[in-house]
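**Student:** Pasting coords16.txt here (compact mmCIF, C-alpha atoms):
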# COMPACT_ATOMS: atom_id res chain seq x y z
CA PHE Q 1 69.54 35.18 76.26
CA ALA Q 2 68.10 37.91 78.45
CA VAL Q 3 65.57 39.79 76.34
CA SER Q 4 63.03 42.16 77.88
CA SER Q 5 59.30 41.97 77.24
CA GLU Q 6 59.58 45.44 75.70
CA ARG Q 7 62.08 44.08 73.18
CA TYR Q 8 59.67 41.21 72.47
CA GLN Q 9 56.88 43.64 71.67
CA GLU Q 10 59.16 45.74 69.44
CA ASP Q 11 60.53 42.85 67.41
CA PRO Q 12 58.87 39.51 68.22
CA THR Q 13 60.47 37.79 65.21
CA ALA Q 14 64.01 38.59 66.37
CA THR Q 15 63.13 37.50 69.88
CA ARG Q 16 61.66 34.20 68.68
CA THR Q 17 64.92 33.60 66.80
CA SER Q 18 66.85 34.19 70.03
CA LEU Q 19 64.52 31.81 71.84
CA ALA Q 20 65.05 29.14 69.19
CA TYR Q 21 68.82 29.37 69.67
CA MET Q 22 68.38 29.13 73.44
CA TYR Q 23 66.11 26.07 73.23
CA ALA Q 24 68.57 24.39 70.86
CA ALA Q 25 71.37 25.09 73.34
CA VAL Q 26 69.34 23.60 76.20
CA TYR Q 27 68.70 20.51 74.06
CA ARG Q 28 72.42 20.08 73.32
CA ILE Q 29 73.37 20.54 76.97
CA ALA Q 30 70.90 17.83 77.94
CA GLY Q 31 72.47 15.47 75.42
CA VAL Q 32 75.98 16.17 76.67
CA ARG Q 33 74.99 15.66 80.30
CA GLN Q 34 73.24 12.39 79.49
CA ARG Q 35 76.32 11.24 77.59
CA ARG Q 36 78.58 12.03 80.55
CA ALA Q 37 76.24 10.22 82.92
CA GLN Q 38 76.26 7.16 80.64
CA GLU Q 39 80.06 7.24 80.44
CA ASN Q 40 80.34 7.41 84.23
CA THR Q 41 77.95 4.48 84.57
CA GLU Q 42 79.95 2.41 82.10
CA ARG Q 43 83.23 3.20 83.85
CA THR Q 44 81.75 2.31 87.24
CA SER Q 45 80.36 -0.98 85.94
CA GLY Q 46 83.61 -1.83 84.17
CA GLY Q 47 82.10 -1.54 80.72
CA GLY Q 48 83.93 -0.08 77.78
CA LEU Q 49 83.23 3.00 75.73
CA ASN Q 50 83.24 1.27 72.37
CA ASP Q 51 80.04 2.90 71.20
CA VAL Q 52 80.87 6.57 71.00
CA CYS Q 53 77.85 8.79 71.61
CA HIS Q 54 77.81 12.37 70.33
CA GLY Q 55 75.12 14.06 72.40
CA ARG Q 56 72.03 13.34 70.35
CA CYS Q 57 72.19 9.54 70.51
CA LEU Q 58 71.08 9.38 74.14
CA MET Q 59 68.44 12.01 73.52
CA SER Q 60 67.17 9.91 70.61
CA GLN Q 61 66.13 7.08 72.94
CA LYS Q 62 62.37 6.76 73.02
CA MET Q 63 60.80 8.41 76.05
CA PRO Q 64 57.28 8.00 77.46
CA PRO Q 65 54.93 10.54 75.83
CA ARG Q 66 54.32 12.51 79.02
CA ARG Q 67 58.02 12.72 79.73
CA VAL Q 68 58.48 14.26 76.29
CA SER Q 69 55.70 16.72 77.16
CA ARG Q 70 57.33 17.59 80.48
CA SER Q 71 60.64 18.17 78.73
CA LEU Q 72 58.91 20.52 76.29
CA ALA Q 73 57.13 22.30 79.15
CA PHE Q 74 60.40 22.67 81.03
CA GLN Q 75 62.10 24.29 78.04
CA VAL Q 76 59.29 26.82 77.61
CA LEU Q 77 59.15 27.67 81.32
CA TYR Q 78 62.93 27.91 81.53
CA GLY Q 79 62.81 30.34 78.62
CA GLN Q 80 60.38 32.45 80.62
CA GLU Q 81 63.20 33.10 83.08
CA PHE Q 82 64.91 35.09 80.31
CA VAL Q 83 62.00 36.30 78.15
CA SER Q 84 58.92 36.79 80.29
CA SER Q 85 55.60 36.62 78.43
CA PRO Q 86 53.25 39.38 79.61
CA THR Q 87 50.11 37.75 78.15
CA ALA Q 88 48.79 34.26 77.50
CA ALA Q 89 49.00 34.95 73.76
CA ASP Q 90 52.71 35.78 74.08
CA LEU Q 91 53.19 32.63 76.13
CA ARG Q 92 51.50 30.58 73.44
CA ARG Q 93 53.83 32.05 70.81
CA ALA Q 94 56.84 31.16 72.98
CA PHE Q 95 55.44 27.64 73.36
CA MET Q 96 55.06 27.20 69.62
CA ALA Q 97 58.62 28.49 69.02
CA VAL Q 98 60.24 25.57 70.85
CA PRO Q 99 61.67 22.93 68.49
CA ARG Q 100 59.83 19.61 68.89
CA GLN Q 101 62.06 16.60 69.50
CA ALA Q 102 60.53 14.46 66.78
CA GLU Q 103 63.21 11.79 67.07
CA VAL Q 104 62.25 10.91 70.65
CA ARG Q 105 58.61 10.27 69.83
CA ASP Q 106 57.22 6.87 69.06
CA GLU Q 107 56.02 6.28 65.52
CA GLY Q 108 52.39 7.23 65.17
CA GLU Q 109 52.28 9.09 68.48
CA ASP Q 110 49.64 11.79 68.66
CA VAL Q 111 51.76 14.94 68.63
CA ALA Q 112 48.76 17.18 69.22
CA GLU Q 113 47.86 15.22 72.35
CA SER Q 114 51.43 15.37 73.63
CA ASP Q 115 51.62 19.10 72.96
CA GLY Q 116 48.27 19.51 74.69
CA PHE Q 117 49.56 18.13 77.99
CA ALA Q 118 52.72 20.23 77.68
CA TRP Q 119 50.69 23.39 77.07
CA GLU Q 120 48.46 22.68 80.07
CA LEU Q 121 51.57 22.45 82.24
CA VAL Q 122 53.11 25.61 80.79
CA GLU Q 123 49.97 27.72 81.13
CA GLY Q 124 49.21 26.33 84.58
CA VAL Q 125 52.66 27.05 85.98
CA TRP Q 126 52.68 30.48 84.33
CA ARG Q 127 49.39 31.43 86.01
CA ALA Q 128 50.27 29.94 89.42
CA THR Q 129 53.92 31.00 89.65
CA ALA Q 130 53.48 33.23 92.72
CA GLU Q 131 51.68 30.50 94.67
CA LEU Q 132 54.18 27.86 93.59
CA ASP Q 133 57.10 30.03 94.64
CA ASP Q 134 55.54 30.56 98.08
CA ILE Q 135 55.28 26.79 98.55
CA ILE Q 136 58.81 26.17 97.29
CA ALA Q 137 60.19 28.85 99.62
CA ARG Q 138 58.31 27.23 102.51
CA PHE Q 139 59.99 23.86 101.98
CA ALA Q 140 63.40 25.02 100.71
CA ARG Q 141 64.89 25.25 104.17
CA ASN Q 142 67.49 27.98 104.57
CA TRP Q 143 67.38 28.72 100.83
CA ARG Q 144 66.08 31.98 99.42
CA LEU Q 145 64.56 31.61 95.98
CA GLU Q 146 67.11 34.08 94.60
CA ARG Q 147 69.80 31.52 95.42
CA VAL Q 148 68.08 28.65 93.64
CA GLY Q 149 69.35 27.98 90.12
CA ARG Q 150 66.93 28.75 87.28
CA VAL Q 151 66.94 25.15 86.08
CA GLU Q 152 66.13 23.86 89.56
CA LEU Q 153 63.48 26.51 90.23
CA THR Q 154 61.77 25.73 86.92
CA LEU Q 155 61.76 22.01 87.71
CA LEU Q 156 60.41 22.63 91.21
CA ARG Q 157 57.59 24.83 89.89
CA LEU Q 158 56.65 22.22 87.30
CA ALA Q 159 56.62 19.34 89.80
CA VAL Q 160 54.77 21.24 92.55
CA TYR Q 161 52.18 22.36 90.01
CA GLU Q 162 51.56 18.74 89.01
CA MET Q 163 51.31 17.71 92.66
CA LEU Q 164 48.72 20.38 93.46
CA TYR Q 165 46.78 20.85 90.24
CA ARG Q 166 46.92 17.56 88.34
CA PRO Q 167 44.76 14.91 90.05
CA ASP Q 168 45.70 12.52 87.25
CA VAL Q 169 49.37 12.62 88.34
CA PRO Q 170 50.33 10.97 91.66
CA ALA Q 171 52.60 13.21 93.71
CA LYS Q 172 55.41 10.65 93.76
CA VAL Q 173 55.25 10.35 89.98
CA ALA Q 174 55.65 14.12 89.70
CA LEU Q 175 58.67 13.90 92.02
CA ASN Q 176 60.30 11.09 90.04
CA GLU Q 177 59.67 12.82 86.72
CA ALA Q 178 61.26 16.02 88.05
CA LEU Q 179 64.36 14.06 89.03
CA GLU Q 180 64.50 12.60 85.52
CA LEU Q 181 64.44 16.10 84.06
CA GLU Q 182 67.04 17.20 86.61
CA ARG Q 183 69.26 14.39 85.38
CA GLN Q 184 68.90 15.70 81.81
CA TYR Q 185 69.12 19.43 82.37
CA GLY Q 186 70.54 20.08 85.82
CA GLU Q 187 73.70 19.52 87.77
CA GLU Q 188 74.23 16.32 89.74
CA LYS Q 189 75.00 18.27 92.91
CA SER Q 190 71.55 19.91 92.75
CA ARG Q 191 69.61 16.65 92.61
CA THR Q 192 69.64 16.20 96.38
CA PHE Q 193 68.22 19.68 96.87
CA VAL Q 194 65.42 19.17 94.35
CA ASN Q 195 64.59 15.77 95.81
CA GLY Q 196 64.57 17.15 99.35
CA VAL Q 197 62.17 19.99 98.57
CA LEU Q 198 59.78 17.81 96.58
CA ASP Q 199 59.88 15.00 99.14
CA ALA Q 200 58.88 17.52 101.82
CA VAL Q 201 55.96 18.67 99.63
CA VAL Q 202 54.82 15.06 99.14
CA LYS Q 203 54.90 14.45 102.91
CA ALA Q 204 52.96 17.68 103.53
CA LEU Q 205 50.30 16.48 101.10
CA ASP Q 206 50.14 13.08 102.81
CA LYS Q 207 49.70 14.77 106.22
CA GLY Q 208 47.07 17.18 104.96
CA GLU Q 209 49.31 20.20 105.54
CA LEU Q 210 48.91 20.97 101.83
CA ARG Q 211 45.84 20.24 99.75
CA ARG Q 212 45.44 19.60 96.07
CA ALA Q 213 43.44 22.23 94.25
CA ALA Q 214 39.77 21.41 93.75
CA ASN Q 215 38.87 20.20 90.27
What's the C-alpha cells form of this structure?
**Tutor:**
Amino acid sequence: FAVSSERYQEDPTATRTSLAYMYAAVYRIAGVRQRRAQENTERTSGGGLNDVCHGRCLMSQKMPPRRVSRSLAFQVLYGQEFVSSPTAADLRRAFMAVPRQAEVRDEGEDVAESDGFAWELVEGVWRATAELDDIIARFARNWRLERVGRVELTLLRLAVYEMLYRPDVPAKVALNEALELERQYGEEKSRTFVNGVLDAVVKALDKGELRRAAN
C-alpha cells in the first residue's frame, strides 16, 4: 500500500484505486477480528457457535453515529501512513475515496452530518500531527514512536486530538471510543498500551499539566 506523494500527483486515479483496496482490506480485517472476539466470548460463556458469522455480520450491527464517524476518520488517517497528502485538497480527496459503511448507519441518519464530524477529525489530526506526536511520546513511557504500530499510533492521535481540541467530547469518552476502535482494528495485546497512554493523558488534563486548546 505504500505509495509516495509524487506517485499520487502523477496518477491520482490509480492511487485512489489503491486506497480503495486498502480501505476495503481494513474493513474486512475489522470484521474478522470482531468475529473472533465474539467467538471467544461465546466459548468463555459456554455458548454455542450456532449462528455462523462471516465477517460482515458483526460490522453490520448499528453503531452510534459518532462512532461510525470515528471509524471513517481512523481509516482515512491510517491511510495517510501509507499515502501522505501534501495539501488539504489532497486530504479531502483521500477522505472522499473511503467507502462509506452504509449498512451500519441507522435509517434516515444524516450522512452529511456524520461525514462532517469525521472530516473535522481528519483535518484536525492532519494539521496537529506534530503536536499530537510530541504529547504521545511524552506519555508513552519507554516507547519511541517508531516502535508504535501504525494502527495504535493513528488511534492515539485521534483520541488525543479529541481530548485537546474537541470541548464537546469528554476526555474519558475519547479514551473509551479509542478502545472500541482498537478492539475493531488493533491487536488485543496492544489494548493495554493504548489504554495506558490515554489514561495518562486524561490524568494530566485533570491535574492541569495539559490544557485543552482554546475555542
**Student:** Kindly give the distance, in Å, that separates CA of Val169 (chain Q) and CA of Val83 (chain Q), rounded to a single decimal.
**Tutor:**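 CA of Val83 (chain Q) lies at a distance of 28.7 Å from CA of Val169 (chain Q).
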**Student:** With all atoms listed in the file as the atoms that count, which of Q:Arg93, Q:Arg127, Q:Lys207, Q:Arg191 lies nearest to Asn176 (chain Q)?
**Tutor:**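 Comparing Q:Arg93, Q:Arg127, Q:Lys207, Q:Arg191 against Asn176 (chain Q), the winner is Q:Arg191.
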**Student:** Specify the axis-aligned box that encloses all atoms of region 131-136 of chain Q listed in the file after padding of 4 Å on each side, stating its centre and edge lengths in Å to one decimal as AutoDock Vina command-line options.
**Tutor:**
--center_x 55.2 --center_y 28.4 --center_z 96.1 --size_x 15.1 --size_y 12.4 --size_z 13.0
**Student:** Would you mind reading off the distance between CA of Tyr78 (chain Q) and CA of Leu153 (chain Q), one decimal, in Å?
**Tutor:**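 Pair CA of Tyr78 (chain Q) / CA of Leu153 (chain Q) returns 8.8 Å.
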**Student:** If we count only C-alpha atoms, what is near Arg141 (chain Q) at a cut-off of 10 Å, once residues fewer than 3 positions away on the same chain are taken out, given as a list in words?
**Tutor:**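 Once the adjacent positions are removed, what remains is Ile136, Ala137, Arg138, Arg144, Phe193, Gly196 and Val197 of chain Q.
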**Student:** So which residues fall inside 9 Å of (58.4, 22.3, 77.3) if we count all atoms listed in the file? Mind giving them as a ChimeraX atom specification?
**Tutor:** /Q:68-78,95,98,100,115,118-119,121-122
**Student:** What lies within 9 Å of Ala94 (chain Q) using all atoms listed in the file, ignoring chain neighbours under 3 positions off, as an mmCIF file with C-alpha atoms, keeping the file's coordinate frame?
**Tutor:**
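Contents of out-v8.cif, freshly written:
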data_model
loop_
_atom_site.group_PDB
_atom_site.id
_atom_site.type_symbol
_atom_site.label_atom_id
_atom_site.label_comp_id
_atom_site.auth_asym_id
_atom_site.auth_seq_id
_atom_site.Cartn_x
_atom_site.Cartn_y
_atom_site.Cartn_z
ATOM 1 C CA ARG Q 16 61.660 34.200 68.680
ATOM 2 C CA LEU Q 19 64.520 31.810 71.840
ATOM 3 C CA VAL Q 76 59.290 26.820 77.610
ATOM 4 C CA GLY Q 79 62.810 30.340 78.620
ATOM 5 C CA GLN Q 80 60.380 32.450 80.620
ATOM 6 C CA VAL Q 83 62.000 36.300 78.150
ATOM 7 C CA SER Q 85 55.600 36.620 78.430
ATOM 8 C CA ALA Q 89 49.000 34.950 73.760
ATOM 9 C CA ASP Q 90 52.710 35.780 74.080
ATOM 10 C CA LEU Q 91 53.190 32.630 76.130
ATOM 11 C CA ALA Q 97 58.620 28.490 69.020
ATOM 12 C CA VAL Q 98 60.240 25.570 70.850
#
**Student:** Please write N, CA, C and O atoms of region 138-175 of chain Q, from the structure given just now, as a CSV table (one decimal), in the first residue's frame.
**Tutor:**
chain,number,residue,atom,x,y,z
Q,138,ARG,N,5.5,11.8,25.0
Q,138,ARG,CA,5.7,12.2,26.4
Q,138,ARG,C,5.1,11.2,27.3
Q,138,ARG,O,5.7,10.9,28.4
Q,139,PHE,N,4.0,10.6,27.0
Q,139,PHE,CA,3.3,9.7,27.9
Q,139,PHE,C,3.4,8.2,27.5
Q,139,PHE,O,3.0,7.4,28.3
Q,140,ALA,N,4.1,7.9,26.4
Q,140,ALA,CA,4.4,6.5,26.0
Q,140,ALA,C,5.7,6.2,26.6
Q,140,ALA,O,6.7,6.2,26.0
Q,141,ARG,N,5.7,5.8,27.9
Q,141,ARG,CA,6.9,5.6,28.6
Q,141,ARG,C,7.8,4.5,28.0
Q,141,ARG,O,7.3,3.4,27.8
Q,142,ASN,N,9.0,4.8,27.8
Q,142,ASN,CA,10.0,3.8,27.3
Q,142,ASN,C,9.6,3.3,25.9
Q,142,ASN,O,10.1,2.2,25.5
Q,143,TRP,N,8.8,4.0,25.2
Q,143,TRP,CA,8.4,3.6,23.8
Q,143,TRP,C,8.7,4.8,22.8
Q,143,TRP,O,8.2,5.9,23.0
Q,144,ARG,N,9.6,4.5,21.9
Q,144,ARG,CA,9.8,5.5,20.8
Q,144,ARG,C,8.6,5.4,19.8
Q,144,ARG,O,8.1,4.3,19.6
Q,145,LEU,N,8.2,6.5,19.2
Q,145,LEU,CA,7.1,6.4,18.3
Q,145,LEU,C,7.3,5.5,17.1
Q,145,LEU,O,6.4,4.9,16.6
Q,146,GLU,N,8.6,5.3,16.7
Q,146,GLU,CA,8.9,4.4,15.6
Q,146,GLU,C,8.5,3.0,16.0
Q,146,GLU,O,8.3,2.1,15.1
Q,147,ARG,N,8.5,2.7,17.2
Q,147,ARG,CA,8.1,1.3,17.7
Q,147,ARG,C,6.6,1.1,17.8
Q,147,ARG,O,6.2,-0.1,17.9
Q,148,VAL,N,5.9,2.1,17.8
Q,148,VAL,CA,4.4,2.0,18.0
Q,148,VAL,C,3.8,1.6,16.6
Q,148,VAL,O,4.1,2.2,15.6
Q,149,GLY,N,2.9,0.6,16.7
Q,149,GLY,CA,2.3,0.2,15.4
Q,149,GLY,C,1.4,1.3,14.8
Q,149,GLY,O,1.0,2.2,15.5
Q,150,ARG,N,1.3,1.3,13.5
Q,150,ARG,CA,0.6,2.3,12.8
Q,150,ARG,C,-0.9,2.4,13.2
Q,150,ARG,O,-1.5,3.5,13.3
Q,151,VAL,N,-1.5,1.3,13.5
Q,151,VAL,CA,-2.9,1.3,13.9
Q,151,VAL,C,-3.0,2.0,15.3
Q,151,VAL,O,-3.8,2.9,15.5
Q,152,GLU,N,-2.1,1.6,16.2
Q,152,GLU,CA,-2.1,2.2,17.5
Q,152,GLU,C,-1.8,3.7,17.5
Q,152,GLU,O,-2.4,4.5,18.2
Q,153,LEU,N,-0.8,4.1,16.7
Q,153,LEU,CA,-0.4,5.5,16.6
Q,153,LEU,C,-1.6,6.3,16.1
Q,153,LEU,O,-1.8,7.4,16.5
Q,154,THR,N,-2.2,5.8,15.1
Q,154,THR,CA,-3.4,6.5,14.5
Q,154,THR,C,-4.5,6.7,15.5
Q,154,THR,O,-5.1,7.8,15.6
Q,155,LEU,N,-4.8,5.6,16.2
Q,155,LEU,CA,-5.8,5.7,17.3
Q,155,LEU,C,-5.4,6.7,18.4
Q,155,LEU,O,-6.3,7.5,18.9
Q,156,LEU,N,-4.2,6.7,18.8
Q,156,LEU,CA,-3.7,7.6,19.8
Q,156,LEU,C,-3.8,9.1,19.3
Q,156,LEU,O,-4.3,9.9,20.1
Q,157,ARG,N,-3.4,9.3,18.1
Q,157,ARG,CA,-3.5,10.7,17.6
Q,157,ARG,C,-5.0,11.1,17.6
Q,157,ARG,O,-5.3,12.3,18.0
Q,158,LEU,N,-5.9,10.3,17.1
Q,158,LEU,CA,-7.3,10.6,17.0
Q,158,LEU,C,-7.8,10.9,18.4
Q,158,LEU,O,-8.5,11.9,18.6
Q,159,ALA,N,-7.6,10.1,19.4
Q,159,ALA,CA,-8.1,10.3,20.7
Q,159,ALA,C,-7.5,11.5,21.4
Q,159,ALA,O,-8.2,12.3,22.0
Q,160,VAL,N,-6.2,11.7,21.3
Q,160,VAL,CA,-5.6,12.9,21.9
Q,160,VAL,C,-6.1,14.2,21.3
Q,160,VAL,O,-6.3,15.2,22.0
Q,161,TYR,N,-6.3,14.1,20.0
Q,161,TYR,CA,-6.9,15.3,19.3
Q,161,TYR,C,-8.2,15.6,19.9
Q,161,TYR,O,-8.5,16.8,20.2
Q,162,GLU,N,-9.1,14.6,20.1
Q,162,GLU,CA,-10.4,14.9,20.7
Q,162,GLU,C,-10.3,15.4,22.1
Q,162,GLU,O,-11.1,16.3,22.5
Q,163,MET,N,-9.4,14.9,22.8
Q,163,MET,CA,-9.2,15.3,24.2
Q,163,MET,C,-8.8,16.8,24.3
Q,163,MET,O,-9.2,17.5,25.2
Q,164,LEU,N,-7.9,17.2,23.4
Q,164,LEU,CA,-7.4,18.6,23.4
Q,164,LEU,C,-8.2,19.6,22.6
Q,164,LEU,O,-8.2,20.8,23.0
Q,165,TYR,N,-8.8,19.2,21.5
Q,165,TYR,CA,-9.4,20.1,20.6
Q,165,TYR,C,-10.9,20.1,20.5
Q,165,TYR,O,-11.5,20.9,19.7
Q,166,ARG,N,-11.5,19.1,21.1
Q,166,ARG,CA,-13.0,19.0,21.0
Q,166,ARG,C,-13.6,19.1,22.3
Q,166,ARG,O,-13.8,18.2,23.1
Q,167,PRO,N,-14.0,20.4,22.7
Q,167,PRO,CA,-14.6,20.6,24.0
Q,167,PRO,C,-16.0,19.9,24.2
Q,167,PRO,O,-16.5,19.7,25.3
Q,168,ASP,N,-16.6,19.5,23.0
Q,168,ASP,CA,-17.8,18.8,23.1
Q,168,ASP,C,-17.7,17.3,23.4
Q,168,ASP,O,-18.7,16.5,23.5
Q,169,VAL,N,-16.4,16.8,23.5
Q,169,VAL,CA,-16.1,15.4,23.8
Q,169,VAL,C,-15.4,15.3,25.1
Q,169,VAL,O,-14.2,15.7,25.2
Q,170,PRO,N,-16.0,14.7,26.1
Q,170,PRO,CA,-15.3,14.5,27.4
Q,170,PRO,C,-14.0,13.6,27.1
Q,170,PRO,O,-14.1,12.7,26.3
Q,171,ALA,N,-13.0,13.9,27.9
Q,171,ALA,CA,-11.7,13.1,27.6
Q,171,ALA,C,-11.9,11.6,27.8
Q,171,ALA,O,-11.4,10.8,27.1
Q,172,LYS,N,-12.7,11.2,28.8
Q,172,LYS,CA,-12.9,9.8,29.1
Q,172,LYS,C,-13.7,9.1,28.0
Q,172,LYS,O,-13.6,8.0,27.7
Q,173,VAL,N,-14.6,9.9,27.3
Q,173,VAL,CA,-15.3,9.4,26.2
Q,173,VAL,C,-14.4,9.1,25.0
Q,173,VAL,O,-14.4,8.1,24.4
Q,174,ALA,N,-13.5,10.1,24.8
Q,174,ALA,CA,-12.5,9.9,23.7
Q,174,ALA,C,-11.6,8.7,24.0
Q,174,ALA,O,-11.3,7.9,23.1
Q,175,LEU,N,-11.3,8.4,25.3
Q,175,LEU,CA,-10.5,7.2,25.6
Q,175,LEU,C,-11.3,6.0,25.3
Q,175,LEU,O,-10.8,5.0,24.7
